[in-house]
file model.pdb (PDB, C-alpha atoms and all ligand atoms)
ATOM      1  CA  MET A 224       5.828  26.079   7.607  1.00  0.00           C
ATOM      2  CA  SER A 225       3.114  27.380   9.897  1.00  0.00           C
ATOM      3  CA  VAL A 226       1.507  26.685  13.234  1.00  0.00           C
ATOM      4  CA  GLU A 227      -2.167  25.790  13.121  1.00  0.00           C
ATOM      5  CA  PHE A 228      -4.873  24.396  15.330  1.00  0.00           C
ATOM      6  CA  ILE A 229      -6.343  21.198  14.042  1.00  0.00           C
ATOM      7  CA  ASP A 230      -8.788  18.612  15.344  1.00  0.00           C
ATOM      8  CA  GLY A 231      -9.616  15.069  14.307  1.00  0.00           C
ATOM      9  CA  GLN A 232     -12.741  16.191  12.492  1.00  0.00           C
ATOM     10  CA  ILE A 233     -10.788  18.359  10.047  1.00  0.00           C
ATOM     11  CA  VAL A 234      -8.558  15.431   9.138  1.00  0.00           C
ATOM     12  CA  THR A 235     -11.452  12.983   8.820  1.00  0.00           C
ATOM     13  CA  GLU A 236     -13.379  15.347   6.572  1.00  0.00           C
ATOM     14  CA  PHE A 237     -10.376  15.772   4.314  1.00  0.00           C
ATOM     15  CA  VAL A 238      -9.827  12.019   4.018  1.00  0.00           C
ATOM     16  CA  ASN A 239     -13.519  11.537   3.253  1.00  0.00           C
ATOM     17  CA  ASP A 240     -13.426  14.228   0.569  1.00  0.00           C
ATOM     18  CA  SER A 241     -12.377  11.663  -2.004  1.00  0.00           C
ATOM     19  CA  GLU A 242     -11.477  14.153  -4.726  1.00  0.00           C
ATOM     20  CA  ALA A 243      -9.123  16.202  -2.558  1.00  0.00           C
ATOM     21  CA  PHE A 244      -7.719  13.134  -0.876  1.00  0.00           C
ATOM     22  CA  GLU A 245      -7.075  11.249  -4.112  1.00  0.00           C
ATOM     23  CA  LYS A 246      -5.337  14.266  -5.573  1.00  0.00           C
ATOM     24  CA  TRP A 247      -3.086  14.472  -2.548  1.00  0.00           C
ATOM     25  CA  ALA A 248      -2.417  10.713  -2.526  1.00  0.00           C
ATOM     26  CA  ASN A 249      -1.537  10.719  -6.232  1.00  0.00           C
ATOM     27  CA  GLU A 250       0.911  13.583  -5.825  1.00  0.00           C
ATOM     28  CA  LYS A 251       2.437  11.884  -2.809  1.00  0.00           C
ATOM     29  CA  PHE A 252       2.718   8.620  -4.666  1.00  0.00           C
ATOM     30  CA  LYS A 253       4.591  10.264  -7.537  1.00  0.00           C
ATOM     31  CA  ALA A 254       6.906  12.032  -5.124  1.00  0.00           C
ATOM     32  CA  LEU A 255       7.751   8.752  -3.400  1.00  0.00           C
ATOM     33  CA  ASP A 256       8.110   6.728  -6.599  1.00  0.00           C
ATOM     34  CA  GLY A 257      11.797   7.449  -7.075  1.00  0.00           C
ATOM     35  CA  ASP A 258      12.352   5.291 -10.168  1.00  0.00           C
ATOM     36  CA  GLY A 259       8.999   6.270 -11.689  1.00  0.00           C
ATOM     37  CA  ASP A 260       7.824   2.705 -12.398  1.00  0.00           C
ATOM     38  CA  GLY A 261       4.372   3.379 -10.955  1.00  0.00           C
ATOM     39  CA  LEU A 262       4.973   1.154  -7.934  1.00  0.00           C
ATOM     40  CA  LEU A 263       6.404   1.867  -4.503  1.00  0.00           C
ATOM     41  CA  SER A 264       9.014  -0.565  -3.313  1.00  0.00           C
ATOM     42  CA  ARG A 265       9.861  -0.916   0.314  1.00  0.00           C
ATOM     43  CA  ASP A 266      13.073   0.998  -0.281  1.00  0.00           C
ATOM     44  CA  GLU A 267      11.241   3.897  -1.842  1.00  0.00           C
ATOM     45  CA  LEU A 268       8.842   4.104   1.073  1.00  0.00           C
ATOM     46  CA  GLN A 269      11.485   3.670   3.713  1.00  0.00           C
ATOM     47  CA  LYS A 270      13.966   6.108   2.258  1.00  0.00           C
ATOM     48  CA  ARG A 271      11.712   9.040   3.030  1.00  0.00           C
ATOM     49  CA  PRO A 272       9.614   8.009   5.985  1.00  0.00           C
ATOM     50  CA  GLY A 273       8.958  11.609   6.964  1.00  0.00           C
ATOM     51  CA  LYS A 274       7.188  12.135   3.682  1.00  0.00           C
ATOM     52  CA  LEU A 275       4.642   9.465   4.389  1.00  0.00           C
ATOM     53  CA  SER A 276       3.393  10.444   7.773  1.00  0.00           C
ATOM     54  CA  SER A 277       5.255  13.537   8.921  1.00  0.00           C
ATOM     55  CA  THR A 278       6.739  13.760  12.365  1.00  0.00           C
ATOM     56  CA  GLN A 279       5.449  10.575  13.930  1.00  0.00           C
ATOM     57  CA  PHE A 280       7.851   8.376  12.034  1.00  0.00           C
ATOM     58  CA  GLU A 281      10.796  10.627  12.685  1.00  0.00           C
ATOM     59  CA  LEU A 282      10.448  10.125  16.418  1.00  0.00           C
ATOM     60  CA  GLN A 283      10.807   6.377  16.133  1.00  0.00           C
ATOM     61  CA  SER A 284      13.948   4.276  15.970  1.00  0.00           C
ATOM     62  CA  SER A 285      14.897   2.625  12.702  1.00  0.00           C
ATOM     63  CA  GLU A 286      13.984  -0.801  14.152  1.00  0.00           C
ATOM     64  CA  GLU A 287      10.532   0.456  15.020  1.00  0.00           C
ATOM     65  CA  ILE A 288      10.163   1.969  11.577  1.00  0.00           C
ATOM     66  CA  ALA A 289      11.261  -1.305   9.956  1.00  0.00           C
ATOM     67  CA  SER A 290       8.668  -3.292  11.872  1.00  0.00           C
ATOM     68  CA  LEU A 291       6.067  -0.653  11.072  1.00  0.00           C
ATOM     69  CA  TYR A 292       6.778  -1.140   7.386  1.00  0.00           C
ATOM     70  CA  ASP A 293       6.603  -4.919   7.842  1.00  0.00           C
ATOM     71  CA  ALA A 294       3.126  -4.422   9.234  1.00  0.00           C
ATOM     72  CA  LEU A 295       2.175  -1.956   6.486  1.00  0.00           C
ATOM     73  CA  PHE A 296       3.249  -4.313   3.714  1.00  0.00           C
ATOM     74  CA  GLU A 297       1.619  -7.252   5.459  1.00  0.00           C
ATOM     75  CA  LYS A 298      -1.653  -5.377   5.486  1.00  0.00           C
ATOM     76  CA  PHE A 299      -1.625  -3.278   2.336  1.00  0.00           C
ATOM     77  CA  ASP A 300       0.405  -5.220  -0.205  1.00  0.00           C
ATOM     78  CA  VAL A 301      -2.740  -7.119  -1.039  1.00  0.00           C
ATOM     79  CA  ASP A 302      -1.331  -9.080  -3.971  1.00  0.00           C
ATOM     80  CA  ARG A 303       1.957  -9.786  -2.122  1.00  0.00           C
ATOM     81  CA  SER A 304       3.981  -8.264  -4.952  1.00  0.00           C
ATOM     82  CA  GLY A 305       6.453  -6.643  -2.571  1.00  0.00           C
ATOM     83  CA  THR A 306       5.412  -3.254  -3.918  1.00  0.00           C
ATOM     84  CA  ILE A 307       2.596  -0.846  -3.223  1.00  0.00           C
ATOM     85  CA  ASP A 308       0.512   0.197  -6.221  1.00  0.00           C
ATOM     86  CA  PRO A 309      -1.517   3.437  -6.318  1.00  0.00           C
ATOM     87  CA  GLN A 310      -4.695   1.757  -5.034  1.00  0.00           C
ATOM     88  CA  GLU A 311      -2.842   0.080  -2.199  1.00  0.00           C
ATOM     89  CA  PHE A 312      -1.140   3.371  -1.371  1.00  0.00           C
ATOM     90  CA  MET A 313      -4.474   5.156  -1.190  1.00  0.00           C
ATOM     91  CA  ALA A 314      -5.801   2.598   1.290  1.00  0.00           C
ATOM     92  CA  LEU A 315      -2.605   2.853   3.308  1.00  0.00           C
ATOM     93  CA  ALA A 316      -2.605   6.651   3.417  1.00  0.00           C
ATOM     94  CA  LYS A 317      -6.267   6.673   4.384  1.00  0.00           C
ATOM     95  CA  GLU A 318      -5.688   4.275   7.248  1.00  0.00           C
ATOM     96  CA  ILE A 319      -2.742   6.298   8.545  1.00  0.00           C
ATOM     97  CA  MET A 320      -4.641   9.571   8.379  1.00  0.00           C
ATOM     98  CA  LEU A 321      -7.752   8.184  10.053  1.00  0.00           C
ATOM     99  CA  ALA A 322      -5.561   6.751  12.814  1.00  0.00           C
ATOM    100  CA  LYS A 323      -4.007  10.175  13.138  1.00  0.00           C
ATOM    101  CA  ALA A 324      -7.460  11.774  13.295  1.00  0.00           C
ATOM    102  CA  ARG A 325      -8.450   9.402  16.099  1.00  0.00           C
ATOM    103  CA  GLY A 326      -5.191  10.223  17.849  1.00  0.00           C
ATOM    104  CA  ILE A 327      -5.923  13.942  17.682  1.00  0.00           C
ATOM    105  CA  GLY A 328      -9.506  13.458  18.827  1.00  0.00           C
ATOM    106  CA  ASP A 329     -12.090  16.182  19.272  1.00  0.00           C
ATOM    107  CA  SER A 330     -10.078  18.827  21.048  1.00  0.00           C
ATOM    108  CA  PRO A 331      -8.007  21.060  18.782  1.00  0.00           C
ATOM    109  CA  VAL A 332      -4.263  20.650  19.067  1.00  0.00           C
ATOM    110  CA  CYS A 333      -1.615  23.077  17.967  1.00  0.00           C
ATOM    111  CA  ILE A 334       0.761  21.563  15.442  1.00  0.00           C
ATOM    112  CA  ILE A 335       3.541  22.704  13.180  1.00  0.00           C
ATOM    113  CA  LEU A 336       2.628  22.130   9.569  1.00  0.00           C
ATOM    114  CA  GLN A 337       4.949  21.793   6.633  1.00  0.00           C
ATOM    115  CA  GLY A 338       4.082  22.952   3.155  1.00  0.00           C
ATOM    116  CA  ASP A 339       3.236  19.691   1.449  1.00  0.00           C
ATOM    117  CA  SER A 340       1.756  17.658   4.268  1.00  0.00           C
ATOM    118  CA  LEU A 341      -1.712  16.234   4.185  1.00  0.00           C
ATOM    119  CA  LEU A 342      -2.615  17.984   7.413  1.00  0.00           C
ATOM    120  CA  MET A 343      -1.713  21.275   5.778  1.00  0.00           C
ATOM    121  CA  ARG A 344      -4.064  20.499   2.918  1.00  0.00           C
ATOM    122  CA  ALA A 345      -6.761  19.567   5.396  1.00  0.00           C
ATOM    123  CA  VAL A 346      -6.404  22.895   7.189  1.00  0.00           C
ATOM    124  CA  GLN A 347      -6.353  24.868   3.943  1.00  0.00           C
ATOM    125  CA  ARG A 348      -9.469  23.071   2.786  1.00  0.00           C
ATOM    126  CA  CYS A 349     -11.159  23.838   6.086  1.00  0.00           C
ATOM    127  CA  ASN A 350     -10.224  27.523   5.976  1.00  0.00           C
ATOM    128  CA  SER A 351     -11.203  28.082   2.371  1.00  0.00           C
TER     129      SER A 351
HETATM  130 CA    CA A 401       9.035   2.563  -7.917  1.00  0.00          CA
END

call {"tool": "encode", "arguments": {"input": "model.pdb", "output": "structure tokens", "more": "lines below"}}
Ligand SMILES: [Ca+2]
result
Amino acid sequence: MSVEFIDGQIVTEFVNDSEAFEKWANEKFKALDGDGDGLLSRDELQKRPGKLSSTQFELQSSEEIASLYDALFEKFDVDRSGTIDPQEFMALAKEIMLAKARGIGDSPVCIILQGDSLLMRAVQRCNS
């Protein structure tokens, strides 16, 4: 864990770096896919909400999280299979991170980063 300054630009650049972003999304997908069937069920996503989008989700009530997942599945489960496949997950993660980038905006904010988060990757990429 470390404390870093980050701005929206850093996050946007990481998401737009398709190679780095896809690598991250694939690792994340595997970590979330508890039964290893190559698809994320709602249970798998909901069990570890913190893993999907770090602290934001943890600050919300379980009802809010449930309705957030309703909205996510509504939007990203394109084929209405009730599961998220790797392509759908990529689109979902991208949307979340770009929303986060817009939320951060242009002025650097100080945040606490955890080892495997996407923001951490973004910062490492920026510093390297
Ligand atoms: Ca699965």

call {"tool": "resolve_selection", "arguments": {"input": "model.pdb", "expression": "the PyMOL selection byres (((not hetatm)) within 12 of (chain A and resi 401))", "output": "list of chain:residue names"}}
result
A:Phe252, A:Lys253, A:Ala254, A:Leu255, A:Asp256, A:Gly257, A:Asp258, A:Gly259, A:Asp260, A:Gly261, A:Leu262, A:Leu263, A:Ser264, A:Arg265, A:Asp266, A:Glu267, A:Leu268, A:Gln269, A:Lys270, A:Gly305, A:Thr306, A:Ile307, A:Asp308, A:Pro309

call {"tool": "residues_around", "arguments": {"input": "model.pdb", "residues": "Val238 (chain A)", "least_positions_apart": "5", "cutoff": "12 Å", "atoms": "all atoms listed in the file", "output": "PyMOL selection string"}}
result
chain A and resi 231-233+243-248+313-324+341-342+344-346+348

call {"tool": "closest_residue", "arguments": {"input": "model.pdb", "among": "A:Phe299, A:Tyr292, A:Phe312, A:Phe237", "to": "Cys349 (chain A)", "atoms": "only C-alpha atoms"}}
result
A:Phe237

call {"tool": "atom_distance", "arguments": {"input": "model.pdb", "atom1": "CA of Asn239 (chain A)", "atom2": "CA of Asp302 (chain A)"}}
result
25.0 Å

call {"tool": "atom_distance", "arguments": {"input": "model.pdb", "atom1": "CA of Ile335 (chain A)", "atom2": "CA of Asn249 (chain A)"}}
result
23.4 Å

call {"tool": "decode", "arguments": {"input": "model.pdb", "residues": "region 224-343 of chain A", "atoms": "C-alpha atoms", "output": "PDB file, in the first residue's frame"}}
result
ATOM      1  CA  MET A 224       0.000   0.000   0.000  1.00  0.00           C
ATOM      2  CA  SER A 225       1.242   3.494  -0.741  1.00  0.00           C
ATOM      3  CA  VAL A 226       0.033   7.058  -0.937  1.00  0.00           C
ATOM      4  CA  GLU A 227       0.301   8.687  -4.342  1.00  0.00           C
ATOM      5  CA  PHE A 228      -0.880  11.746  -6.185  1.00  0.00           C
ATOM      6  CA  ILE A 229      -2.963  10.954  -9.198  1.00  0.00           C
ATOM      7  CA  ASP A 230      -5.018  12.946 -11.681  1.00  0.00           C
ATOM      8  CA  GLY A 231      -7.675  11.999 -14.203  1.00  0.00           C
ATOM      9  CA  GLN A 232      -5.206  12.170 -17.065  1.00  0.00           C
ATOM     10  CA  ILE A 233      -3.036   9.392 -15.627  1.00  0.00           C
ATOM     11  CA  VAL A 234      -6.045   7.102 -15.353  1.00  0.00           C
ATOM     12  CA  THR A 235      -7.344   7.955 -18.824  1.00  0.00           C
ATOM     13  CA  GLU A 236      -3.955   7.320 -20.394  1.00  0.00           C
ATOM     14  CA  PHE A 237      -3.723   3.940 -18.715  1.00  0.00           C
ATOM     15  CA  VAL A 238      -7.192   2.907 -19.886  1.00  0.00           C
ATOM     16  CA  ASN A 239      -6.343   4.043 -23.413  1.00  0.00           C
ATOM     17  CA  ASP A 240      -3.095   2.066 -23.385  1.00  0.00           C
ATOM     18  CA  SER A 241      -4.922  -1.004 -24.625  1.00  0.00           C
ATOM     19  CA  GLU A 242      -2.076  -3.446 -24.034  1.00  0.00           C
ATOM     20  CA  ALA A 243      -1.559  -2.501 -20.389  1.00  0.00           C
ATOM     21  CA  PHE A 244      -5.262  -2.182 -19.764  1.00  0.00           C
ATOM     22  CA  GLU A 245      -6.152  -5.523 -21.340  1.00  0.00           C
ATOM     23  CA  LYS A 246      -3.457  -7.238 -19.328  1.00  0.00           C
ATOM     24  CA  TRP A 247      -4.847  -5.758 -16.146  1.00  0.00           C
ATOM     25  CA  ALA A 248      -8.455  -6.580 -17.088  1.00  0.00           C
ATOM     26  CA  ASN A 249      -7.550 -10.187 -17.914  1.00  0.00           C
ATOM     27  CA  GLU A 250      -5.775 -10.684 -14.603  1.00  0.00           C
ATOM     28  CA  LYS A 251      -8.684  -9.103 -12.775  1.00  0.00           C
ATOM     29  CA  PHE A 252     -11.150 -11.269 -14.623  1.00  0.00           C
ATOM     30  CA  LYS A 253      -9.301 -14.441 -13.636  1.00  0.00           C
ATOM     31  CA  ALA A 254      -9.103 -13.306 -10.033  1.00  0.00           C
ATOM     32  CA  LEU A 255     -12.854 -12.698  -9.932  1.00  0.00           C
ATOM     33  CA  ASP A 256     -13.800 -15.883 -11.780  1.00  0.00           C
ATOM     34  CA  GLY A 257     -14.046 -18.045  -8.680  1.00  0.00           C
ATOM     35  CA  ASP A 258     -15.203 -21.256 -10.379  1.00  0.00           C
ATOM     36  CA  GLY A 259     -12.890 -20.739 -13.362  1.00  0.00           C
ATOM     37  CA  ASP A 260     -15.570 -21.234 -16.038  1.00  0.00           C
ATOM     38  CA  GLY A 261     -14.425 -18.177 -17.986  1.00  0.00           C
ATOM     39  CA  LEU A 262     -17.551 -16.198 -17.121  1.00  0.00           C
ATOM     40  CA  LEU A 263     -18.375 -13.890 -14.236  1.00  0.00           C
ATOM     41  CA  SER A 264     -21.692 -14.512 -12.577  1.00  0.00           C
ATOM     42  CA  ARG A 265     -23.376 -11.886 -10.511  1.00  0.00           C
ATOM     43  CA  ASP A 266     -22.368 -13.750  -7.374  1.00  0.00           C
ATOM     44  CA  GLU A 267     -18.733 -13.774  -8.366  1.00  0.00           C
ATOM     45  CA  LEU A 268     -18.768 -10.051  -9.025  1.00  0.00           C
ATOM     46  CA  GLN A 269     -20.731  -9.182  -5.938  1.00  0.00           C
ATOM     47  CA  LYS A 270     -18.774 -11.343  -3.548  1.00  0.00           C
ATOM     48  CA  ARG A 271     -15.712  -9.157  -3.897  1.00  0.00           C
ATOM     49  CA  PRO A 272     -16.967  -5.718  -4.788  1.00  0.00           C
ATOM     50  CA  GLY A 273     -13.818  -4.068  -3.480  1.00  0.00           C
ATOM     51  CA  LYS A 274     -11.821  -5.911  -6.086  1.00  0.00           C
ATOM     52  CA  LEU A 275     -13.738  -4.388  -8.934  1.00  0.00           C
ATOM     53  CA  SER A 276     -13.544  -0.738  -8.151  1.00  0.00           C
ATOM     54  CA  SER A 277     -11.623  -0.277  -4.919  1.00  0.00           C
ATOM     55  CA  THR A 278     -12.910   1.950  -2.180  1.00  0.00           C
ATOM     56  CA  GLN A 279     -15.918   3.506  -3.850  1.00  0.00           C
ATOM     57  CA  PHE A 280     -18.009   0.383  -3.556  1.00  0.00           C
ATOM     58  CA  GLU A 281     -17.006  -0.237   0.018  1.00  0.00           C
ATOM     59  CA  LEU A 282     -18.520   3.059   1.091  1.00  0.00           C
ATOM     60  CA  GLN A 283     -21.934   2.131  -0.228  1.00  0.00           C
ATOM     61  CA  SER A 284     -24.682   0.131   1.431  1.00  0.00           C
ATOM     62  CA  SER A 285     -25.436  -3.358   0.184  1.00  0.00           C
ATOM     63  CA  GLU A 286     -28.735  -2.122  -1.322  1.00  0.00           C
ATOM     64  CA  GLU A 287     -26.882   0.523  -3.277  1.00  0.00           C
ATOM     65  CA  ILE A 288     -24.337  -2.029  -4.413  1.00  0.00           C
ATOM     66  CA  ALA A 289     -27.116  -4.407  -5.498  1.00  0.00           C
ATOM     67  CA  SER A 290     -28.776  -1.734  -7.608  1.00  0.00           C
ATOM     68  CA  LEU A 291     -25.394  -0.756  -9.014  1.00  0.00           C
ATOM     69  CA  TYR A 292     -24.895  -4.328 -10.166  1.00  0.00           C
ATOM     70  CA  ASP A 293     -28.415  -4.358 -11.624  1.00  0.00           C
ATOM     71  CA  ALA A 294     -27.407  -1.356 -13.685  1.00  0.00           C
ATOM     72  CA  LEU A 295     -24.048  -2.893 -14.625  1.00  0.00           C
ATOM     73  CA  PHE A 296     -25.632  -6.118 -15.845  1.00  0.00           C
ATOM     74  CA  GLU A 297     -28.376  -4.204 -17.619  1.00  0.00           C
ATOM     75  CA  LYS A 298     -25.753  -2.285 -19.533  1.00  0.00           C
ATOM     76  CA  PHE A 299     -22.880  -4.707 -19.988  1.00  0.00           C
ATOM     77  CA  ASP A 300     -24.430  -8.158 -20.166  1.00  0.00           C
ATOM     78  CA  VAL A 301     -25.001  -7.546 -23.839  1.00  0.00           C
ATOM     79  CA  ASP A 302     -26.272 -11.022 -24.694  1.00  0.00           C
ATOM     80  CA  ARG A 303     -28.420 -11.189 -21.518  1.00  0.00           C
ATOM     81  CA  SER A 304     -26.738 -14.419 -20.441  1.00  0.00           C
ATOM     82  CA  GLY A 305     -26.708 -13.408 -16.782  1.00  0.00           C
ATOM     83  CA  THR A 306     -22.920 -13.581 -16.843  1.00  0.00           C
ATOM     84  CA  ILE A 307     -20.150 -11.248 -17.893  1.00  0.00           C
ATOM     85  CA  ASP A 308     -17.682 -12.622 -20.431  1.00  0.00           C
ATOM     86  CA  PRO A 309     -14.136 -11.250 -20.836  1.00  0.00           C
ATOM     87  CA  GLN A 310     -15.155  -8.783 -23.565  1.00  0.00           C
ATOM     88  CA  GLU A 311     -18.082  -7.518 -21.537  1.00  0.00           C
ATOM     89  CA  PHE A 312     -15.836  -7.222 -18.489  1.00  0.00           C
ATOM     90  CA  MET A 313     -13.325  -5.153 -20.425  1.00  0.00           C
ATOM     91  CA  ALA A 314     -16.038  -2.712 -21.493  1.00  0.00           C
ATOM     92  CA  LEU A 315     -17.341  -2.560 -17.939  1.00  0.00           C
ATOM     93  CA  ALA A 316     -13.929  -1.956 -16.380  1.00  0.00           C
ATOM     94  CA  LYS A 317     -13.168   0.713 -18.957  1.00  0.00           C
ATOM     95  CA  GLU A 318     -16.396   2.546 -18.245  1.00  0.00           C
ATOM     96  CA  ILE A 319     -15.800   2.446 -14.492  1.00  0.00           C
ATOM     97  CA  MET A 320     -12.240   3.698 -14.806  1.00  0.00           C
ATOM     98  CA  LEU A 321     -13.133   6.504 -17.201  1.00  0.00           C
ATOM     99  CA  ALA A 322     -15.911   7.569 -14.831  1.00  0.00           C
ATOM    100  CA  LYS A 323     -13.347   7.525 -12.061  1.00  0.00           C
ATOM    101  CA  ALA A 324     -10.964   9.609 -14.178  1.00  0.00           C
ATOM    102  CA  ARG A 325     -13.704  12.183 -14.762  1.00  0.00           C
ATOM    103  CA  GLY A 326     -14.428  12.151 -11.042  1.00  0.00           C
ATOM    104  CA  ILE A 327     -10.795  12.876 -10.227  1.00  0.00           C
ATOM    105  CA  GLY A 328     -10.570  15.589 -12.869  1.00  0.00           C
ATOM    106  CA  ASP A 329      -7.501  17.633 -13.707  1.00  0.00           C
ATOM    107  CA  SER A 330      -6.224  18.495 -10.268  1.00  0.00           C
ATOM    108  CA  PRO A 331      -4.085  15.819  -8.633  1.00  0.00           C
ATOM    109  CA  VAL A 332      -5.610  14.127  -5.620  1.00  0.00           C
ATOM    110  CA  CYS A 333      -3.820  12.184  -2.949  1.00  0.00           C
ATOM    111  CA  ILE A 334      -5.086   8.630  -2.667  1.00  0.00           C
ATOM    112  CA  ILE A 335      -4.140   5.455  -0.887  1.00  0.00           C
ATOM    113  CA  LEU A 336      -3.281   2.752  -3.368  1.00  0.00           C
ATOM    114  CA  GLN A 337      -3.336  -0.967  -2.833  1.00  0.00           C
ATOM    115  CA  GLY A 338      -0.961  -3.346  -4.530  1.00  0.00           C
ATOM    116  CA  ASP A 339      -3.149  -4.817  -7.234  1.00  0.00           C
ATOM    117  CA  SER A 340      -5.447  -1.939  -8.075  1.00  0.00           C
ATOM    118  CA  LEU A 341      -5.727  -0.459 -11.510  1.00  0.00           C
ATOM    119  CA  LEU A 342      -4.884   2.986 -10.202  1.00  0.00           C
ATOM    120  CA  MET A 343      -1.647   1.579  -8.836  1.00  0.00           C
TER     121      MET A 343
END
